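Q: My file is my_file_28.txt. It has compact mmCIF, N, CA and C atoms:
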```
# COMPACT_ATOMS: atom_id res chain seq x y z
N MET A 1 -5.41 -13.62 38.10
CA MET A 1 -6.20 -14.16 37.02
C MET A 1 -5.78 -13.50 35.71
N LYS A 2 -5.68 -14.29 34.67
CA LYS A 2 -5.26 -13.77 33.37
C LYS A 2 -6.39 -12.98 32.74
N ALA A 3 -6.04 -11.84 32.16
CA ALA A 3 -7.05 -10.98 31.52
C ALA A 3 -7.65 -11.69 30.32
N SER A 4 -8.92 -11.44 30.08
CA SER A 4 -9.58 -12.03 28.93
C SER A 4 -9.03 -11.43 27.64
N VAL A 5 -9.24 -12.15 26.54
CA VAL A 5 -8.77 -11.66 25.25
C VAL A 5 -9.44 -10.33 24.92
N ASP A 6 -10.74 -10.20 25.23
CA ASP A 6 -11.43 -8.94 24.98
C ASP A 6 -10.81 -7.79 25.76
N ALA A 7 -10.45 -8.04 27.01
CA ALA A 7 -9.82 -6.99 27.82
C ALA A 7 -8.45 -6.63 27.26
N GLN A 8 -7.71 -7.64 26.79
CA GLN A 8 -6.40 -7.36 26.21
C GLN A 8 -6.54 -6.54 24.93
N TRP A 9 -7.53 -6.87 24.10
CA TRP A 9 -7.77 -6.09 22.87
C TRP A 9 -8.16 -4.66 23.22
N GLU A 10 -8.98 -4.51 24.25
CA GLU A 10 -9.39 -3.16 24.67
C GLU A 10 -8.19 -2.34 25.11
N ARG A 11 -7.31 -2.94 25.92
CA ARG A 11 -6.10 -2.23 26.37
C ARG A 11 -5.19 -1.92 25.18
N TYR A 12 -5.07 -2.87 24.25
CA TYR A 12 -4.25 -2.65 23.06
C TYR A 12 -4.81 -1.49 22.25
N GLY A 13 -6.12 -1.46 22.06
CA GLY A 13 -6.75 -0.36 21.31
C GLY A 13 -6.50 0.98 21.97
N ARG A 14 -6.66 1.03 23.30
CA ARG A 14 -6.41 2.29 24.02
C ARG A 14 -4.95 2.71 23.88
N ALA A 15 -4.03 1.74 23.98
CA ALA A 15 -2.61 2.06 23.86
C ALA A 15 -2.28 2.55 22.46
N LEU A 16 -2.87 1.94 21.46
CA LEU A 16 -2.63 2.36 20.08
C LEU A 16 -3.13 3.78 19.86
N ILE A 17 -4.34 4.06 20.32
CA ILE A 17 -4.91 5.40 20.18
C ILE A 17 -4.06 6.41 20.95
N SER A 18 -3.65 6.03 22.15
CA SER A 18 -2.81 6.93 22.95
C SER A 18 -1.49 7.23 22.24
N SER A 19 -0.86 6.21 21.69
CA SER A 19 0.43 6.43 21.04
C SER A 19 0.29 7.22 19.75
N MET A 20 -0.89 7.21 19.15
CA MET A 20 -1.12 7.95 17.91
C MET A 20 -1.88 9.25 18.15
N SER A 21 -2.04 9.64 19.38
CA SER A 21 -2.88 10.80 19.71
C SER A 21 -2.44 12.07 18.97
N GLU A 22 -1.15 12.30 18.85
CA GLU A 22 -0.67 13.50 18.16
C GLU A 22 -1.08 13.46 16.68
N VAL A 23 -0.93 12.30 16.07
CA VAL A 23 -1.33 12.16 14.67
C VAL A 23 -2.83 12.38 14.52
N LEU A 24 -3.60 11.79 15.42
CA LEU A 24 -5.05 11.92 15.35
C LEU A 24 -5.50 13.36 15.56
N GLU A 25 -4.81 14.09 16.42
CA GLU A 25 -5.16 15.49 16.65
C GLU A 25 -4.91 16.36 15.42
N GLU A 26 -3.96 15.94 14.59
CA GLU A 26 -3.58 16.74 13.42
C GLU A 26 -4.28 16.31 12.13
N THR A 27 -5.18 15.35 12.22
CA THR A 27 -5.83 14.84 11.01
C THR A 27 -7.35 14.91 11.16
N PRO A 28 -8.07 14.96 10.04
CA PRO A 28 -9.53 15.01 10.08
C PRO A 28 -10.11 13.72 10.67
N ASP A 29 -11.21 13.87 11.39
CA ASP A 29 -11.85 12.73 12.05
C ASP A 29 -12.20 11.60 11.09
N HIS A 30 -12.61 11.94 9.89
CA HIS A 30 -13.09 10.89 8.98
C HIS A 30 -12.01 9.93 8.49
N ILE A 31 -10.73 10.23 8.74
CA ILE A 31 -9.68 9.29 8.34
C ILE A 31 -9.04 8.56 9.52
N HIS A 32 -9.51 8.81 10.75
CA HIS A 32 -8.92 8.19 11.93
C HIS A 32 -8.98 6.67 11.89
N ALA A 33 -10.11 6.11 11.47
CA ALA A 33 -10.23 4.65 11.44
C ALA A 33 -9.18 4.05 10.50
N ASN A 34 -8.98 4.68 9.35
CA ASN A 34 -7.97 4.18 8.40
C ASN A 34 -6.56 4.31 8.97
N LEU A 35 -6.28 5.40 9.64
CA LEU A 35 -4.96 5.58 10.24
C LEU A 35 -4.68 4.53 11.30
N LEU A 36 -5.68 4.27 12.16
CA LEU A 36 -5.49 3.28 13.22
C LEU A 36 -5.37 1.88 12.65
N GLU A 37 -6.13 1.57 11.61
CA GLU A 37 -6.02 0.25 10.97
C GLU A 37 -4.64 0.07 10.34
N THR A 38 -4.14 1.12 9.71
CA THR A 38 -2.81 1.06 9.10
C THR A 38 -1.73 0.89 10.17
N ALA A 39 -1.84 1.64 11.26
CA ALA A 39 -0.87 1.53 12.35
C ALA A 39 -0.90 0.12 12.94
N ASP A 40 -2.10 -0.42 13.14
CA ASP A 40 -2.24 -1.77 13.68
C ASP A 40 -1.57 -2.78 12.76
N TYR A 41 -1.77 -2.63 11.45
CA TYR A 41 -1.14 -3.54 10.49
C TYR A 41 0.38 -3.50 10.61
N TRP A 42 0.94 -2.30 10.62
CA TRP A 42 2.40 -2.18 10.67
C TRP A 42 2.98 -2.65 11.99
N LEU A 43 2.25 -2.42 13.09
CA LEU A 43 2.70 -2.96 14.37
C LEU A 43 2.72 -4.48 14.34
N SER A 44 1.67 -5.07 13.80
CA SER A 44 1.59 -6.53 13.71
C SER A 44 2.70 -7.07 12.81
N LEU A 45 2.92 -6.42 11.69
CA LEU A 45 3.98 -6.83 10.78
C LEU A 45 5.34 -6.75 11.47
N GLY A 46 5.57 -5.69 12.21
CA GLY A 46 6.82 -5.54 12.94
C GLY A 46 7.02 -6.62 13.99
N LEU A 47 5.94 -6.99 14.67
CA LEU A 47 6.05 -8.06 15.67
C LEU A 47 6.42 -9.39 15.02
N VAL A 48 5.77 -9.70 13.91
CA VAL A 48 6.09 -10.95 13.21
C VAL A 48 7.53 -10.93 12.72
N LEU A 49 7.93 -9.83 12.12
CA LEU A 49 9.31 -9.71 11.64
C LEU A 49 10.29 -9.85 12.80
N GLY A 50 10.00 -9.21 13.91
CA GLY A 50 10.88 -9.28 15.07
C GLY A 50 11.02 -10.68 15.62
N LEU A 51 9.95 -11.46 15.56
CA LEU A 51 10.00 -12.83 16.07
C LEU A 51 10.67 -13.80 15.09
N ARG A 52 10.38 -13.63 13.81
CA ARG A 52 10.86 -14.61 12.82
C ARG A 52 12.21 -14.25 12.22
N GLU A 53 12.50 -12.97 12.14
CA GLU A 53 13.75 -12.50 11.52
C GLU A 53 14.36 -11.39 12.37
N PRO A 54 14.78 -11.70 13.60
CA PRO A 54 15.23 -10.64 14.51
C PRO A 54 16.42 -9.83 13.99
N ASP A 55 17.35 -10.47 13.29
CA ASP A 55 18.51 -9.72 12.77
C ASP A 55 18.08 -8.71 11.72
N GLN A 56 17.18 -9.12 10.84
CA GLN A 56 16.69 -8.20 9.82
C GLN A 56 15.81 -7.12 10.44
N ALA A 57 15.05 -7.48 11.47
CA ALA A 57 14.24 -6.47 12.16
C ALA A 57 15.13 -5.39 12.76
N GLN A 58 16.25 -5.80 13.34
CA GLN A 58 17.19 -4.83 13.91
C GLN A 58 17.76 -3.93 12.83
N GLN A 59 18.09 -4.50 11.68
CA GLN A 59 18.60 -3.69 10.57
C GLN A 59 17.54 -2.70 10.09
N LEU A 60 16.30 -3.16 10.02
CA LEU A 60 15.21 -2.28 9.58
C LEU A 60 15.04 -1.12 10.55
N LEU A 61 15.11 -1.40 11.85
CA LEU A 61 15.02 -0.31 12.83
C LEU A 61 16.15 0.69 12.65
N GLN A 62 17.32 0.21 12.32
CA GLN A 62 18.45 1.12 12.11
C GLN A 62 18.22 2.00 10.89
N VAL A 63 17.56 1.47 9.87
CA VAL A 63 17.23 2.28 8.70
C VAL A 63 16.15 3.30 9.05
N ILE A 64 15.13 2.85 9.79
CA ILE A 64 14.01 3.72 10.14
C ILE A 64 14.47 4.86 11.05
N GLU A 65 15.26 4.54 12.03
CA GLU A 65 15.73 5.53 13.01
C GLU A 65 17.24 5.67 12.87
N ALA A 66 17.66 6.53 12.00
CA ALA A 66 19.08 6.65 11.66
C ALA A 66 19.93 7.25 12.77
N TYR A 67 19.32 7.96 13.70
CA TYR A 67 20.08 8.64 14.74
C TYR A 67 19.85 7.97 16.08
N GLU A 68 20.90 7.81 16.85
CA GLU A 68 20.85 7.11 18.12
C GLU A 68 19.77 7.65 19.05
N ALA A 69 19.62 8.96 19.15
CA ALA A 69 18.62 9.55 20.05
C ALA A 69 17.21 9.11 19.64
N GLU A 70 16.95 9.03 18.35
CA GLU A 70 15.63 8.62 17.89
C GLU A 70 15.39 7.14 18.16
N ARG A 71 16.43 6.30 18.08
CA ARG A 71 16.27 4.89 18.41
C ARG A 71 15.91 4.74 19.88
N GLY A 72 16.52 5.57 20.72
CA GLY A 72 16.20 5.54 22.14
C GLY A 72 14.76 5.93 22.39
N GLU A 73 14.28 6.92 21.66
CA GLU A 73 12.88 7.34 21.80
C GLU A 73 11.95 6.23 21.35
N LEU A 74 12.29 5.56 20.27
CA LEU A 74 11.49 4.44 19.79
C LEU A 74 11.45 3.32 20.82
N ALA A 75 12.57 3.02 21.44
CA ALA A 75 12.63 1.98 22.47
C ALA A 75 11.77 2.36 23.67
N ARG A 76 11.81 3.63 24.08
CA ARG A 76 10.98 4.08 25.20
C ARG A 76 9.49 3.98 24.85
N ASP A 77 9.14 4.38 23.62
CA ASP A 77 7.75 4.29 23.19
C ASP A 77 7.29 2.84 23.17
N ALA A 78 8.15 1.93 22.72
CA ALA A 78 7.80 0.51 22.68
C ALA A 78 7.57 -0.02 24.09
N LYS A 79 8.44 0.36 25.02
CA LYS A 79 8.29 -0.08 26.41
C LYS A 79 6.99 0.45 27.00
N SER A 80 6.65 1.69 26.70
CA SER A 80 5.42 2.29 27.18
C SER A 80 4.20 1.56 26.63
N LEU A 81 4.22 1.24 25.34
CA LEU A 81 3.11 0.53 24.71
C LEU A 81 2.93 -0.84 25.37
N ILE A 82 4.01 -1.56 25.60
CA ILE A 82 3.94 -2.86 26.25
C ILE A 82 3.36 -2.71 27.65
N GLY A 83 3.79 -1.68 28.37
CA GLY A 83 3.27 -1.45 29.71
C GLY A 83 1.77 -1.17 29.71
N GLU A 84 1.30 -0.45 28.72
CA GLU A 84 -0.13 -0.13 28.65
C GLU A 84 -0.98 -1.35 28.30
N VAL A 85 -0.44 -2.24 27.49
CA VAL A 85 -1.21 -3.40 27.04
C VAL A 85 -1.20 -4.52 28.07
N PHE A 86 -0.07 -4.77 28.71
CA PHE A 86 0.07 -5.97 29.52
C PHE A 86 0.05 -5.73 31.03
N THR A 87 -0.21 -4.54 31.48
CA THR A 87 -0.28 -4.32 32.94
C THR A 87 -1.68 -3.97 33.37
```
Can you present the structure in this file as structure tokens?

A:
Amino acid sequence: MKASVDAQWERYGRALISSMSEVLEETPDHIHANLLETADYWLSLGLVLGLREPDQAQQLLQVIEAYEAERGELARDAKSLIGEVFT
């Protein structure tokens, strides 16, 4: 049975918080909501860019992660996030 939209949002929220846990641990509690909202926005923007302009999205990733090892880490983090949301 396909998960409900509410369940998918809940898993997405948990995955987002989990992936940002280090940032949240290092910042005051009163700004966590703003940090998570900002992260959600940029993740959504990246997904749209990746779907509509995949070549430019790839170039942007190369700018963001200039070193091969860091691109690999980003790819692993992305795979982990997908696993947390959709499994």

Q: Taking all atoms listed in the file into account, name the residue in A:Glu37, A:Asp29, A:Glu84, A:Glu70 that is nearest to Arg14 of chain A.

A: A:Glu84

Q: For a quick check of understanding, using all atoms listed in the file, which of A:Ile31, A:Asp77, A:Leu36, A:Ser4 has the smallest distance to Ile17 of chain A?

A: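 Ranking A:Ile31, A:Asp77, A:Leu36, A:Ser4 by distance to Ile17 of chain A, first place goes to A:Leu36.
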
Q: For atom CA of Tyr12 of chain A and atom C of Leu81 of chain A, quote the distance in Å rounded to one decimal.

A: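 So the two atoms, atom CA of Tyr12 of chain A and atom C of Leu81 of chain A, lie 7.8 Å apart.
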
Q: Rounded to one decimal in Å, what is the spacing between atom CA of Glu26 of chain A and atom N of Gly50 of chain A?

A: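 The value is 29.3 Å.
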